[in-house]
Amino acid sequence: MLSVCLYFHVHQPYRVKRYRAFDIGRDNEYFNALDQTDLNNGKVLRKVAEKSYLPTTAILSELLGRHPEFRFALSFSGTVLDQFEHYLPQVLERFKALVATGRVEILADTYHHSLSFFYSRPEFERQVALHAKRIFDIFGVTPRVFRNTELSYTNDLGRWCEENGYIGVMAEGWDPVLGWRSPNYLYKPPGCNSIKMLLKNYRLSDDIAFRFGNRSWESWPLDAPTYAHWVHAHHGDGETVNLFMDFETFGEHQWEDTGIFNFLRAFPEAILARDDTTFRTPTETVMALPAVGELDVPQVLTWADTDRDLTAWTGNDIQKDALRMVYALEHDVLRAEDSSLTEIWRKLQTSDHFYYMCTKWFQDGDVHAYFSPYESPYDAYIAFMNAIRDLQLRVTDAVRRKGERTHVKVRHSWWSRFIAWVKRLSTRIPFIGRHVHEHVS
Amino acid sequence: MLVTKEHTVERKYRCTGSSRAKFVIYIMQVLTFGWDYPPIRNGGLGVACQGLTEELIQAGLEVIFVLPRSQPTVGRPNFRFANSGGTVRVRELAFPLMRPYQSGSSFVEYFLADGRSIRVNRSILDEARRYAIEAAKIALEEEFDIIHAHDWTAYLAGIAAQEVSDKPLVLHVHATAYDQAGGGHGDPDIRAIEMEAFARADSIVAISNYTRNVLIDKYNVTPHKVVVVHNGVNLCPIEPLTPVLTEYKAQGKKIVFYNGRITIQKGVDYFVRAARRVIDVNPNVVFVISGWGDMEHEIIRLVGALGLSEHVIFAGALWDEERDRMYQSADLVVMPSVSEPFGLVPLEAIQHGTPVLISKQSGVAEVLAHALKVDFWDVEEMANKIIAALDYPVMNAQLVREGRLELLKITWRHAASKVVDLYHSLLGWWKKR
């Protein structure tokens with residue numbers, strides 16, 4: 001039996017407008033660009049919805065109706081959910097309808113699509129909790145499988161996921177890490193007992209996500225039966241084929257004229273053409289399959305570019321400087337206890353801001369490999385830093401107004417360990433687990 | 001290099017081995033018309049001609065460089081460059097000329113041997129025409145395969161040589177009348193010469209995509225005729241010099257430096273207006289303006305009118321070590337040009353370890369990725385980026401470090417190889433092989 005585990009990632013950041021030095025101390029809005037550029041968040045969201053979210057959700061819901069075996073997973077960043085709610089509630093309704101079929105799983109994530117796991121563990125945990133709450137409020141489900149921003153993963157994350165009650169965690173199935181092993185089995189992080197790792201089959205995933213519309217690709221034009229044939233070839237050499245990609249692959253990265261929608265429409269039928277092949281959600285995959293071995297990932301592994309590391313976000317000095325600035329604010333932001341300031345601070349943690357400052361592509365001149373709404377990485381840095389400086393002023397001001405009486409609430413470590421233990425136990429009890437989860441957090 | 005079996009005795013060959021060798025390499029000869037050549041300095045043109053010529057010689061070509069006048073140090077025929085194998089013969093004309101960076105009707109001013117300057121009742125246009133007549137004579141005497149003319153003052157000479165020799169003509173566009181006028185129509189006489197020359201040329205070399213677009217949009221040149229060859233950079237070892245304006249630095253003031261002619265083309269007025277916006281936010285900045293030009297008085301008046309007198313220093317024209325010291329002392333160098341075919345200043349500044357803010361309306365913006373860029377008319381954004389450059393040292397350090405690495409990739413050798421390819425395709429030599 002071979003199962004196909006599909007997962008689509010839905011995310012949009014709050015892009016910082018051209019926030020200028022003159023605006024510092026005068027303009028408190030960083031994300032409200034109203035021009036015709038791609039910094040106008042509402043405009044971008046409407047464009048992507050028209051090209052991708054609306055047609056793709058329509059096709060997916062049609063497929064769920066037609067094929068009872070068809071199932072897949074979605075992950076949403078909190079920032080995209082907020083934007084849907086604000087600009088396009090009808091898109092959110094479409095996604096809710098998909099999840100309501102019971103065959104669409106939602107994954108755990110950080111609320112703000114941030115790199116906080118690598119910069120501030122307490123902040124990371126707060127964002128994950130915020131995300132879980134938001135997902136439960138909207139979709140009424142509690143995620144069991146974790147995926148971190150940009151599929152970034154290390155042993156530490158695996159251990160953290162196990163301690164916090166997740167049953168699975170996602171990572172890139174990158175050859176240098178895997179060695180002779182295949183990404184088409186489940187693994188477990190070293191030193192962990194129960195949690196399992198789902199590894200992305202990047203070759204088959206990228207055939208759809210990156211190469212599909214490339215006319216110079218030898219397999220162009222790709223049709224669903226051919227692709228299903230490639231998947232079926234893994235019979236006997238794997239138990240699950242994990243296809244992870246951006247949701248926006250359909251219609252936005254690969255435009256409609258590449259035939260991507262027709263491909264998607266024909267995809268489940270082609271896969272199910274063989275009886276011994278089926279679809280499974282990540283949770284079903286984890287429940288059904290054993291971990292065949294340990295996979296040691298001491299360095300950060302992501303699904304980005306050819307380096308599969310964090311260098312697209314943290315590779316150059318301006319990126320490191322911006323990250324340092326944003327996390328240096330943590331203490332004061334929490335002390336200020338002003339929810340709107342905290343929320344703005346978190347929006348500034350979204351990894352996309354740092355991605356826009358990437359200068360890697362200057363070396364190979366491949367401008368299109370790294371999309372950015374800014375004209376230059378330096379423009380992105382200047383707008384971001386100006387905004388941070390304004391936030392810094394406001395935070396300092398808020399802290400001063402609050403006076404010295406305020407202290408940050410610190411959870412006792414024995415208490416958080418206890419909660420983690422309860423949560424972990426709860427995941428073993430079907431149906432009840434979710435409620436326990438809710439009550440203790 | 002073309003390897004040919006058939007050859008005639010009277011042409012020049014370089015034998016590959018013994019004198020009996022069957023295969024010989026034919027040396028391509030280029031008749032080049034320029035206007036000035038180092039060490040005479042008149043702007044970037046002569047420097048660019050030198051950079052390209054030296055690399056062409058390095059590539060095995062023979063270059064006959066014709067100059068309109070005798071020069072103090074390289075003004076002898078059969079001049080050989082000490083650092084290159086080939087020969088540059090500098091031909092001289094009987095009549096000396098000066099400065100092409102003026103309108104066509106400006107009078108020519110030149111210097112006598114004893115240093116006295118005299119004005120001659122001849123316009124620069126007349127000089128260009130006279131140059132053309134002399135060029136025809138030279139073309140009859142010399143032997144060459146291709147003609148290459150740099151900038152409008154030499155276009156007529158190039159056309160004249162083409163007329164008498166029927167050899168292909170390549171025009172090298174470093175600047176146009178459109179650029180000189182800061183985006184206007186420019187001098188009608190110069191424009192007429194340019195229009196005619198562009199129409200007659202077999203091929204046109206533009207020093208940037210920016211210039212190529214100007215040629216296509218403003219001069220209606222057919223696009224396939226224009227080839228872009230970016231200028232190179234003459235890298236030289238940089239020594240740390242003693243800083244200038246130390247008393248300002250001691251006060252914690254930041255220095256923003258403009259270096260270039262003060263003309264409408266260079267956008268100094270936008271720079272001054274941006275300075276006003278910067279001072280509004282951060283009064284701890286000193287703006288240094290170095291150069292001369294016909295807008296000087298207007299700029300001084302503008303500085304006064306905006307109340308910037310205590311923040312702006314007019315340094316006059318700075319050259320060599322003085323200029324380099326200024327580059328090294330500055331925290332940011334700004335090139336706000338309205339229309340800049342290439343732009344050497346940012347490259348010099350980066351070599352001296354100072355980051356740059358350059359106008360998007362410049363050719364150099366195409367080759368420099370690690371630079372701050374702004375539309376020349378966007379005064380607010382220019383001021384925003386000046387403030388950012390002064391406030392964020394991490395970014396400054398990265399701009400300089402990465403910018404220096406980028407300079408290594410912008411070479412005259414690369415430019416010369418593109419020019420040689422162009423010569424070969426014009427002569428149809430690739431097909432023969």
# chains A, B, ... in the order shown; residues from 1 in each chain; ligands from 1
>>> select_by_dssp(residues="region 236-379 of chain A", states="strand (DSSP E or B)", output="list in words")
Thr240, Val241, Asn242, Leu243, Phe244, Met245, Asp246, Phe250, Gln254, Thr277, Thr278, Phe279, Ala291, Val292, Gly293, Glu294, Leu301 and Thr350 of chain A
>>> write_last_selection(atoms="C-alpha atoms", output="mmCIF file, in the first residue's frame")
data_model
loop_
_atom_site.group_PDB
_atom_site.id
_atom_site.type_symbol
_atom_site.label_atom_id
_atom_site.label_comp_id
_atom_site.auth_asym_id
_atom_site.auth_seq_id
_atom_site.Cartn_x
_atom_site.Cartn_y
_atom_site.Cartn_z
ATOM 1 C CA THR A 240 4.156 7.397 1.614
ATOM 2 C CA VAL A 241 4.839 10.081 -0.966
ATOM 3 C CA ASN A 242 4.710 13.449 0.756
ATOM 4 C CA LEU A 243 3.906 16.281 -1.610
ATOM 5 C CA PHE A 244 4.233 19.610 0.178
ATOM 6 C CA MET A 245 3.867 22.926 -1.617
ATOM 7 C CA ASP A 246 2.455 26.426 -1.444
ATOM 8 C CA PHE A 250 -2.194 26.619 -8.211
ATOM 9 C CA GLN A 254 1.799 28.468 -11.986
ATOM 10 C CA THR A 277 -2.657 3.644 -3.822
ATOM 11 C CA THR A 278 -4.603 5.994 -1.646
ATOM 12 C CA PHE A 279 -4.592 9.421 -0.031
ATOM 13 C CA ALA A 291 8.972 5.129 11.975
ATOM 14 C CA VAL A 292 11.636 3.095 10.240
ATOM 15 C CA GLY A 293 14.605 4.810 11.850
ATOM 16 C CA GLU A 294 16.112 7.873 13.394
ATOM 17 C CA LEU A 301 16.905 22.437 7.326
ATOM 18 C CA THR A 350 6.958 37.488 9.777
#
>>> residues_around(residues="Ile289 (chain B)", least_positions_apart="6", cutoff="10 Å", atoms="only C-alpha atoms", output="ChimeraX atom specification")
/B:256-262,268,271-272,299,312-318,334
>>> residues_around(residues="Val297 (chain A)", least_positions_apart="6", cutoff="9 Å", atoms="only C-alpha atoms", output="NGL selection string")
:A and (153-156 or 177 or 189-190)
>>> interface_residues(of="chain B", to="chain A", cutoff="10 Å", atoms="only C-alpha atoms", output="VMD selection string")
chain B and resid 277 to 278 280 to 282 368 to 374 380 to 381 383 to 389 391 to 399 402 406
>>> write_last_selection(atoms="C-alpha atoms", output="tab-separated table (two decimals), in the first residue's frame")
chain	number	residue	atom	x	y	z
B	277	ARG	CA	14.50	67.58	4.16
B	278	VAL	CA	17.40	65.76	5.78
B	280	ASP	CA	14.66	68.97	9.07
B	281	VAL	CA	15.05	65.53	10.64
B	282	ASN	CA	18.73	65.36	11.42
B	368	LEU	CA	25.69	48.14	-9.31
B	369	ALA	CA	23.23	46.04	-7.35
B	370	HIS	CA	24.65	46.93	-3.94
B	371	ALA	CA	23.81	50.62	-4.02
B	372	LEU	CA	20.94	52.74	-2.81
B	373	LYS	CA	18.88	53.94	-5.75
B	374	VAL	CA	16.32	56.68	-6.16
B	380	GLU	CA	11.46	62.88	-0.28
B	381	GLU	CA	12.77	59.42	-1.03
B	383	ALA	CA	16.20	62.43	1.76
B	384	ASN	CA	14.78	59.25	3.33
B	385	LYS	CA	17.63	57.19	1.93
B	386	ILE	CA	20.27	59.72	2.94
B	387	ILE	CA	18.94	59.60	6.51
B	388	ALA	CA	18.81	55.80	6.44
B	389	ALA	CA	22.38	55.55	5.15
B	391	ASP	CA	21.50	55.97	10.63
B	392	TYR	CA	22.07	52.31	9.76
B	393	PRO	CA	25.80	51.54	9.86
B	394	VAL	CA	25.25	47.82	9.31
B	395	MET	CA	23.72	48.54	5.93
B	396	ASN	CA	26.55	50.92	5.05
B	397	ALA	CA	29.19	48.34	5.84
B	398	GLN	CA	27.41	45.76	3.73
B	399	LEU	CA	26.96	48.16	0.79
B	402	GLU	CA	29.53	43.82	-1.38
B	406	GLU	CA	30.90	43.85	-7.51
>>> residues_around(residues="Pro122 (chain A)", least_positions_apart="3", cutoff="12 Å", atoms="only C-alpha atoms", output="list in words")
Ser116, Phe117, Phe118, Tyr119, Glu125, Arg126, Gln127, Val128, Ala129, Trp160, Tyr327, Glu330, His331, Leu334, Lys409, Val410, Arg411, Ser413 and Ser416 of chain A
>>> write_last_selection(atoms="N, CA and C atoms", output="JSON list (two decimals), in the first residue's frame")
[["chain", "number", "residue", "atom", "x", "y", "z"],
["A", 116, "SER", "N", 10.71, 32.68, 15.06],
["A", 116, "SER", "CA", 10.91, 32.85, 16.50],
["A", 116, "SER", "C", 11.51, 31.61, 17.16],
["A", 117, "PHE", "N", 11.32, 30.42, 16.57],
["A", 117, "PHE", "CA", 11.89, 29.22, 17.19],
["A", 117, "PHE", "C", 13.41, 29.37, 17.35],
["A", 118, "PHE", "N", 14.03, 30.09, 16.40],
["A", 118, "PHE", "CA", 15.48, 30.21, 16.43],
["A", 118, "PHE", "C", 15.96, 31.45, 17.17],
["A", 119, "TYR", "N", 15.03, 32.32, 17.59],
["A", 119, "TYR", "CA", 15.44, 33.56, 18.22],
["A", 119, "TYR", "C", 14.89, 33.74, 19.63],
["A", 125, "GLU", "N", 6.56, 29.82, 21.55],
["A", 125, "GLU", "CA", 5.47, 29.07, 22.17],
["A", 125, "GLU", "C", 4.20, 29.90, 22.26],
["A", 126, "ARG", "N", 4.36, 31.19, 22.50],
["A", 126, "ARG", "CA", 3.17, 32.05, 22.54],
["A", 126, "ARG", "C", 2.51, 32.10, 21.17],
["A", 127, "GLN", "N", 3.32, 32.19, 20.11],
["A", 127, "GLN", "CA", 2.74, 32.28, 18.77],
["A", 127, "GLN", "C", 2.07, 30.97, 18.37],
["A", 128, "VAL", "N", 2.65, 29.85, 18.76],
["A", 128, "VAL", "CA", 2.03, 28.57, 18.44],
["A", 128, "VAL", "C", 0.68, 28.46, 19.17],
["A", 129, "ALA", "N", 0.65, 28.90, 20.43],
["A", 129, "ALA", "CA", -0.61, 28.85, 21.19],
["A", 129, "ALA", "C", -1.66, 29.75, 20.56],
["A", 160, "TRP", "N", 10.95, 19.46, 20.76],
["A", 160, "TRP", "CA", 9.94, 20.39, 21.28],
["A", 160, "TRP", "C", 8.54, 19.91, 20.92],
["A", 327, "TYR", "N", 13.90, 41.22, 17.73],
["A", 327, "TYR", "CA", 13.83, 40.39, 18.93],
["A", 327, "TYR", "C", 14.39, 41.11, 20.16],
["A", 330, "GLU", "N", 11.66, 42.44, 22.45],
["A", 330, "GLU", "CA", 10.73, 41.52, 23.11],
["A", 330, "GLU", "C", 10.43, 41.92, 24.56],
["A", 331, "HIS", "N", 11.47, 42.16, 25.31],
["A", 331, "HIS", "CA", 11.30, 42.43, 26.73],
["A", 331, "HIS", "C", 10.39, 43.65, 26.95],
["A", 334, "LEU", "N", 6.66, 43.20, 25.89],
["A", 334, "LEU", "CA", 5.87, 42.43, 26.86],
["A", 334, "LEU", "C", 5.61, 43.25, 28.12],
["A", 409, "LYS", "N", 4.93, 38.39, 33.39],
["A", 409, "LYS", "CA", 4.53, 37.13, 34.01],
["A", 409, "LYS", "C", 5.37, 36.00, 33.45],
["A", 410, "VAL", "N", 6.02, 35.28, 34.31],
["A", 410, "VAL", "CA", 6.82, 34.14, 33.85],
["A", 410, "VAL", "C", 6.15, 32.88, 34.34],
["A", 411, "ARG", "N", 5.86, 31.99, 33.39],
["A", 411, "ARG", "CA", 5.28, 30.72, 33.79],
["A", 411, "ARG", "C", 6.36, 29.87, 34.45],
["A", 413, "SER", "N", 8.50, 26.80, 35.28],
["A", 413, "SER", "CA", 8.85, 25.76, 34.33],
["A", 413, "SER", "C", 8.20, 24.42, 34.70],
["A", 416, "SER", "N", 4.73, 24.47, 33.18],
["A", 416, "SER", "CA", 4.63, 24.25, 31.73],
["A", 416, "SER", "C", 4.96, 22.80, 31.41]]
>>> residues_around(residues="region 240-251 of chain B", least_positions_apart="6", cutoff="12 Å", atoms="only C-alpha atoms", output="list in words")
Phe257, Pro283, Asn284, Val285, Val286, Phe287, Val288, Glu310, His311, Ile313, Ala315, Asp320, Glu321, Glu322, Arg323, Asp324, Arg325, Met326, Tyr327, Gln328, Ser329, Ala330, Asp331, Gln351, His352 and Gly353 of chain B
>>> write_last_selection(atoms="C-alpha atoms", output="compact mmCIF listing (two decimals), in the first residue's frame")
# COMPACT_ATOMS: atom_id res chain seq x y z
CA PHE B 257 29.35 64.33 -0.60
CA PRO B 283 20.61 68.68 11.72
CA ASN B 284 23.92 66.89 12.34
CA VAL B 285 24.75 66.56 8.65
CA VAL B 286 27.13 68.49 6.44
CA PHE B 287 26.67 68.46 2.67
CA VAL B 288 29.78 68.97 0.57
CA GLU B 310 25.61 76.46 7.52
CA HIS B 311 25.03 72.90 6.34
CA ILE B 313 30.07 73.52 1.88
CA ALA B 315 34.50 72.83 -2.09
CA ASP B 320 43.24 63.43 -7.32
CA GLU B 321 44.31 63.15 -3.73
CA GLU B 322 42.11 65.96 -2.47
CA ARG B 323 39.10 64.32 -4.05
CA ASP B 324 40.06 60.89 -2.75
CA ARG B 325 40.46 62.23 0.76
CA MET B 326 36.99 63.68 0.50
CA TYR B 327 35.63 60.34 -0.73
CA GLN B 328 37.20 58.58 2.23
CA SER B 329 36.00 61.11 4.78
CA ALA B 330 32.41 61.13 3.54
CA ASP B 331 29.71 58.90 5.04
CA GLN B 351 36.63 51.92 -4.14
CA HIS B 352 37.34 54.41 -1.41
CA GLY B 353 35.02 52.59 0.96
>>> residues_around(residues="Leu427 (chain B)", least_positions_apart="4", cutoff="12 Å", atoms="only C-alpha atoms", output="list of chain:residue names")
B:Leu2, B:Met28, B:Gln29, B:Val30, B:Phe144, B:Asp145, B:Ile146, B:Ile147, B:Lys167, B:Pro168, B:Leu169, B:Val170, B:Asp202, B:Ser203, B:Val420, B:Asp421, B:Leu422, B:Tyr423, B:Lys431, B:Lys432
>>> write_last_selection(atoms="N, CA and C atoms", output="PDB file, in the first residue's frame")
ATOM      1  N   LEU B   2      41.366  36.125 -36.255  1.00  0.00           N
ATOM      2  CA  LEU B   2      41.017  35.344 -37.432  1.00  0.00           C
ATOM      3  C   LEU B   2      42.269  34.665 -37.989  1.00  0.00           C
ATOM      4  N   MET B  28      43.854  42.829 -36.561  1.00  0.00           N
ATOM      5  CA  MET B  28      42.822  43.793 -36.926  1.00  0.00           C
ATOM      6  C   MET B  28      43.248  45.197 -36.528  1.00  0.00           C
ATOM      7  N   GLN B  29      43.050  46.122 -37.437  1.00  0.00           N
ATOM      8  CA  GLN B  29      43.453  47.502 -37.143  1.00  0.00           C
ATOM      9  C   GLN B  29      42.221  48.385 -37.015  1.00  0.00           C
ATOM     10  N   VAL B  30      42.218  49.158 -35.993  1.00  0.00           N
ATOM     11  CA  VAL B  30      41.072  50.023 -35.726  1.00  0.00           C
ATOM     12  C   VAL B  30      41.512  51.476 -35.778  1.00  0.00           C
ATOM     13  N   PHE B 144      43.451  50.403 -42.191  1.00  0.00           N
ATOM     14  CA  PHE B 144      42.641  49.935 -41.063  1.00  0.00           C
ATOM     15  C   PHE B 144      41.469  49.129 -41.600  1.00  0.00           C
ATOM     16  N   ASP B 145      40.787  48.447 -40.676  1.00  0.00           N
ATOM     17  CA  ASP B 145      39.648  47.619 -41.073  1.00  0.00           C
ATOM     18  C   ASP B 145      38.328  48.204 -40.616  1.00  0.00           C
ATOM     19  N   ILE B 146      38.403  48.993 -39.576  1.00  0.00           N
ATOM     20  CA  ILE B 146      37.143  49.438 -38.977  1.00  0.00           C
ATOM     21  C   ILE B 146      37.355  50.814 -38.360  1.00  0.00           C
ATOM     22  N   ILE B 147      36.281  51.583 -38.313  1.00  0.00           N
ATOM     23  CA  ILE B 147      36.373  52.939 -37.756  1.00  0.00           C
ATOM     24  C   ILE B 147      35.543  52.994 -36.485  1.00  0.00           C
ATOM     25  N   LYS B 167      34.870  51.749 -45.050  1.00  0.00           N
ATOM     26  CA  LYS B 167      35.015  50.736 -44.001  1.00  0.00           C
ATOM     27  C   LYS B 167      33.861  50.900 -43.003  1.00  0.00           C
ATOM     28  N   PRO B 168      33.495  49.825 -42.294  1.00  0.00           N
ATOM     29  CA  PRO B 168      32.375  49.957 -41.345  1.00  0.00           C
ATOM     30  C   PRO B 168      32.653  50.961 -40.227  1.00  0.00           C
ATOM     31  N   LEU B 169      31.601  51.679 -39.848  1.00  0.00           N
ATOM     32  CA  LEU B 169      31.730  52.726 -38.833  1.00  0.00           C
ATOM     33  C   LEU B 169      30.992  52.319 -37.559  1.00  0.00           C
ATOM     34  N   VAL B 170      31.709  52.355 -36.457  1.00  0.00           N
ATOM     35  CA  VAL B 170      31.109  52.096 -35.149  1.00  0.00           C
ATOM     36  C   VAL B 170      31.113  53.395 -34.360  1.00  0.00           C
ATOM     37  N   ASP B 202      27.249  51.909 -39.000  1.00  0.00           N
ATOM     38  CA  ASP B 202      26.928  50.505 -39.204  1.00  0.00           C
ATOM     39  C   ASP B 202      26.494  49.866 -37.901  1.00  0.00           C
ATOM     40  N   SER B 203      27.052  50.369 -36.822  1.00  0.00           N
ATOM     41  CA  SER B 203      26.664  49.857 -35.525  1.00  0.00           C
ATOM     42  C   SER B 203      26.937  50.925 -34.476  1.00  0.00           C
ATOM     43  N   VAL B 420      35.215  43.593 -29.539  1.00  0.00           N
ATOM     44  CA  VAL B 420      35.878  42.768 -30.551  1.00  0.00           C
ATOM     45  C   VAL B 420      34.850  41.875 -31.248  1.00  0.00           C
ATOM     46  N   ASP B 421      33.940  41.298 -30.460  1.00  0.00           N
ATOM     47  CA  ASP B 421      32.882  40.489 -31.064  1.00  0.00           C
ATOM     48  C   ASP B 421      32.081  41.302 -32.074  1.00  0.00           C
ATOM     49  N   LEU B 422      31.817  42.553 -31.701  1.00  0.00           N
ATOM     50  CA  LEU B 422      31.048  43.418 -32.584  1.00  0.00           C
ATOM     51  C   LEU B 422      31.827  43.669 -33.873  1.00  0.00           C
ATOM     52  N   TYR B 423      33.119  43.963 -33.749  1.00  0.00           N
ATOM     53  CA  TYR B 423      33.959  44.183 -34.938  1.00  0.00           C
ATOM     54  C   TYR B 423      33.880  42.969 -35.851  1.00  0.00           C
ATOM     55  N   LYS B 431      31.685  34.356 -40.183  1.00  0.00           N
ATOM     56  CA  LYS B 431      31.128  33.488 -41.231  1.00  0.00           C
ATOM     57  C   LYS B 431      32.241  32.793 -42.000  1.00  0.00           C
ATOM     58  N   LYS B 432      33.327  33.548 -42.274  1.00  0.00           N
ATOM     59  CA  LYS B 432      34.426  32.970 -43.057  1.00  0.00           C
ATOM     60  C   LYS B 432      34.964  31.720 -42.388  1.00  0.00           C
TER      61      LYS B 432
END
>>> decode(residues="region 129-198 of chain A", atoms="C-alpha atoms", output="PDB file, in the first residue's frame")
ATOM      1  CA  ALA A 129      -0.605  28.845  21.186  1.00  0.00           C
ATOM      2  CA  LEU A 130      -2.162  31.863  19.491  1.00  0.00           C
ATOM      3  CA  HIS A 131      -2.267  29.959  16.237  1.00  0.00           C
ATOM      4  CA  ALA A 132      -3.899  26.899  17.808  1.00  0.00           C
ATOM      5  CA  LYS A 133      -6.564  29.066  19.368  1.00  0.00           C
ATOM      6  CA  ARG A 134      -7.264  30.892  16.140  1.00  0.00           C
ATOM      7  CA  ILE A 135      -7.509  27.643  14.168  1.00  0.00           C
ATOM      8  CA  PHE A 136      -9.899  26.208  16.752  1.00  0.00           C
ATOM      9  CA  ASP A 137     -12.036  29.358  16.706  1.00  0.00           C
ATOM     10  CA  ILE A 138     -12.354  29.358  12.952  1.00  0.00           C
ATOM     11  CA  PHE A 139     -12.317  25.695  11.968  1.00  0.00           C
ATOM     12  CA  GLY A 140     -13.130  23.938  15.256  1.00  0.00           C
ATOM     13  CA  VAL A 141     -10.148  21.606  15.056  1.00  0.00           C
ATOM     14  CA  THR A 142      -6.896  21.251  16.934  1.00  0.00           C
ATOM     15  CA  PRO A 143      -3.809  20.479  14.877  1.00  0.00           C
ATOM     16  CA  ARG A 144      -1.788  17.395  15.794  1.00  0.00           C
ATOM     17  CA  VAL A 145       1.033  17.692  13.280  1.00  0.00           C
ATOM     18  CA  PHE A 146       3.453  20.586  13.370  1.00  0.00           C
ATOM     19  CA  ARG A 147       5.168  22.421  10.543  1.00  0.00           C
ATOM     20  CA  ASN A 148       7.449  25.343  11.239  1.00  0.00           C
ATOM     21  CA  THR A 149       7.925  28.446   9.119  1.00  0.00           C
ATOM     22  CA  GLU A 150       9.381  27.607   5.691  1.00  0.00           C
ATOM     23  CA  LEU A 151       9.476  23.966   6.795  1.00  0.00           C
ATOM     24  CA  SER A 152      12.468  24.829   8.957  1.00  0.00           C
ATOM     25  CA  TYR A 153      13.445  21.953  11.184  1.00  0.00           C
ATOM     26  CA  THR A 154      16.170  20.810  13.562  1.00  0.00           C
ATOM     27  CA  ASN A 155      16.426  18.059  16.169  1.00  0.00           C
ATOM     28  CA  ASP A 156      15.438  20.643  18.764  1.00  0.00           C
ATOM     29  CA  LEU A 157      12.170  21.332  17.016  1.00  0.00           C
ATOM     30  CA  GLY A 158      11.400  17.614  16.826  1.00  0.00           C
ATOM     31  CA  ARG A 159      12.010  17.290  20.559  1.00  0.00           C
ATOM     32  CA  TRP A 160       9.944  20.390  21.285  1.00  0.00           C
ATOM     33  CA  CYS A 161       7.048  18.996  19.240  1.00  0.00           C
ATOM     34  CA  GLU A 162       7.124  15.721  21.122  1.00  0.00           C
ATOM     35  CA  GLU A 163       7.207  17.482  24.472  1.00  0.00           C
ATOM     36  CA  ASN A 164       4.251  19.582  23.445  1.00  0.00           C
ATOM     37  CA  GLY A 165       2.009  16.774  22.405  1.00  0.00           C
ATOM     38  CA  TYR A 166       2.307  16.722  18.637  1.00  0.00           C
ATOM     39  CA  ILE A 167       2.305  13.353  16.941  1.00  0.00           C
ATOM     40  CA  GLY A 168       4.094  14.420  13.793  1.00  0.00           C
ATOM     41  CA  VAL A 169       6.378  17.099  12.429  1.00  0.00           C
ATOM     42  CA  MET A 170       7.228  18.027   8.882  1.00  0.00           C
ATOM     43  CA  ALA A 171      10.628  18.534   7.293  1.00  0.00           C
ATOM     44  CA  GLU A 172      12.356  18.664   3.959  1.00  0.00           C
ATOM     45  CA  GLY A 173      13.502  15.316   2.579  1.00  0.00           C
ATOM     46  CA  TRP A 174      16.875  16.641   1.539  1.00  0.00           C
ATOM     47  CA  ASP A 175      19.407  14.132   0.223  1.00  0.00           C
ATOM     48  CA  PRO A 176      22.504  15.399   2.071  1.00  0.00           C
ATOM     49  CA  VAL A 177      20.628  14.861   5.342  1.00  0.00           C
ATOM     50  CA  LEU A 178      18.974  11.602   4.342  1.00  0.00           C
ATOM     51  CA  GLY A 179      22.044  10.023   2.831  1.00  0.00           C
ATOM     52  CA  TRP A 180      21.063   6.622   1.408  1.00  0.00           C
ATOM     53  CA  ARG A 181      17.661   6.740   3.051  1.00  0.00           C
ATOM     54  CA  SER A 182      14.413   7.490   1.275  1.00  0.00           C
ATOM     55  CA  PRO A 183      12.052  10.341   2.134  1.00  0.00           C
ATOM     56  CA  ASN A 184       9.158   7.999   1.461  1.00  0.00           C
ATOM     57  CA  TYR A 185       9.158   6.493   4.957  1.00  0.00           C
ATOM     58  CA  LEU A 186       8.548   8.006   8.370  1.00  0.00           C
ATOM     59  CA  TYR A 187      11.423   8.679  10.727  1.00  0.00           C
ATOM     60  CA  LYS A 188      11.781   9.879  14.275  1.00  0.00           C
ATOM     61  CA  PRO A 189      14.098  12.505  15.689  1.00  0.00           C
ATOM     62  CA  PRO A 190      16.991  11.155  17.791  1.00  0.00           C
ATOM     63  CA  GLY A 191      16.083  10.771  21.444  1.00  0.00           C
ATOM     64  CA  CYS A 192      12.338  10.890  20.837  1.00  0.00           C
ATOM     65  CA  ASN A 193       9.861   8.096  21.421  1.00  0.00           C
ATOM     66  CA  SER A 194       6.552   8.757  19.814  1.00  0.00           C
ATOM     67  CA  ILE A 195       6.784  11.639  17.372  1.00  0.00           C
ATOM     68  CA  LYS A 196       7.278  10.886  13.684  1.00  0.00           C
ATOM     69  CA  MET A 197       8.786  12.965  10.924  1.00  0.00           C
ATOM     70  CA  LEU A 198       7.075  13.404   7.561  1.00  0.00           C
TER      71      LEU A 198
END
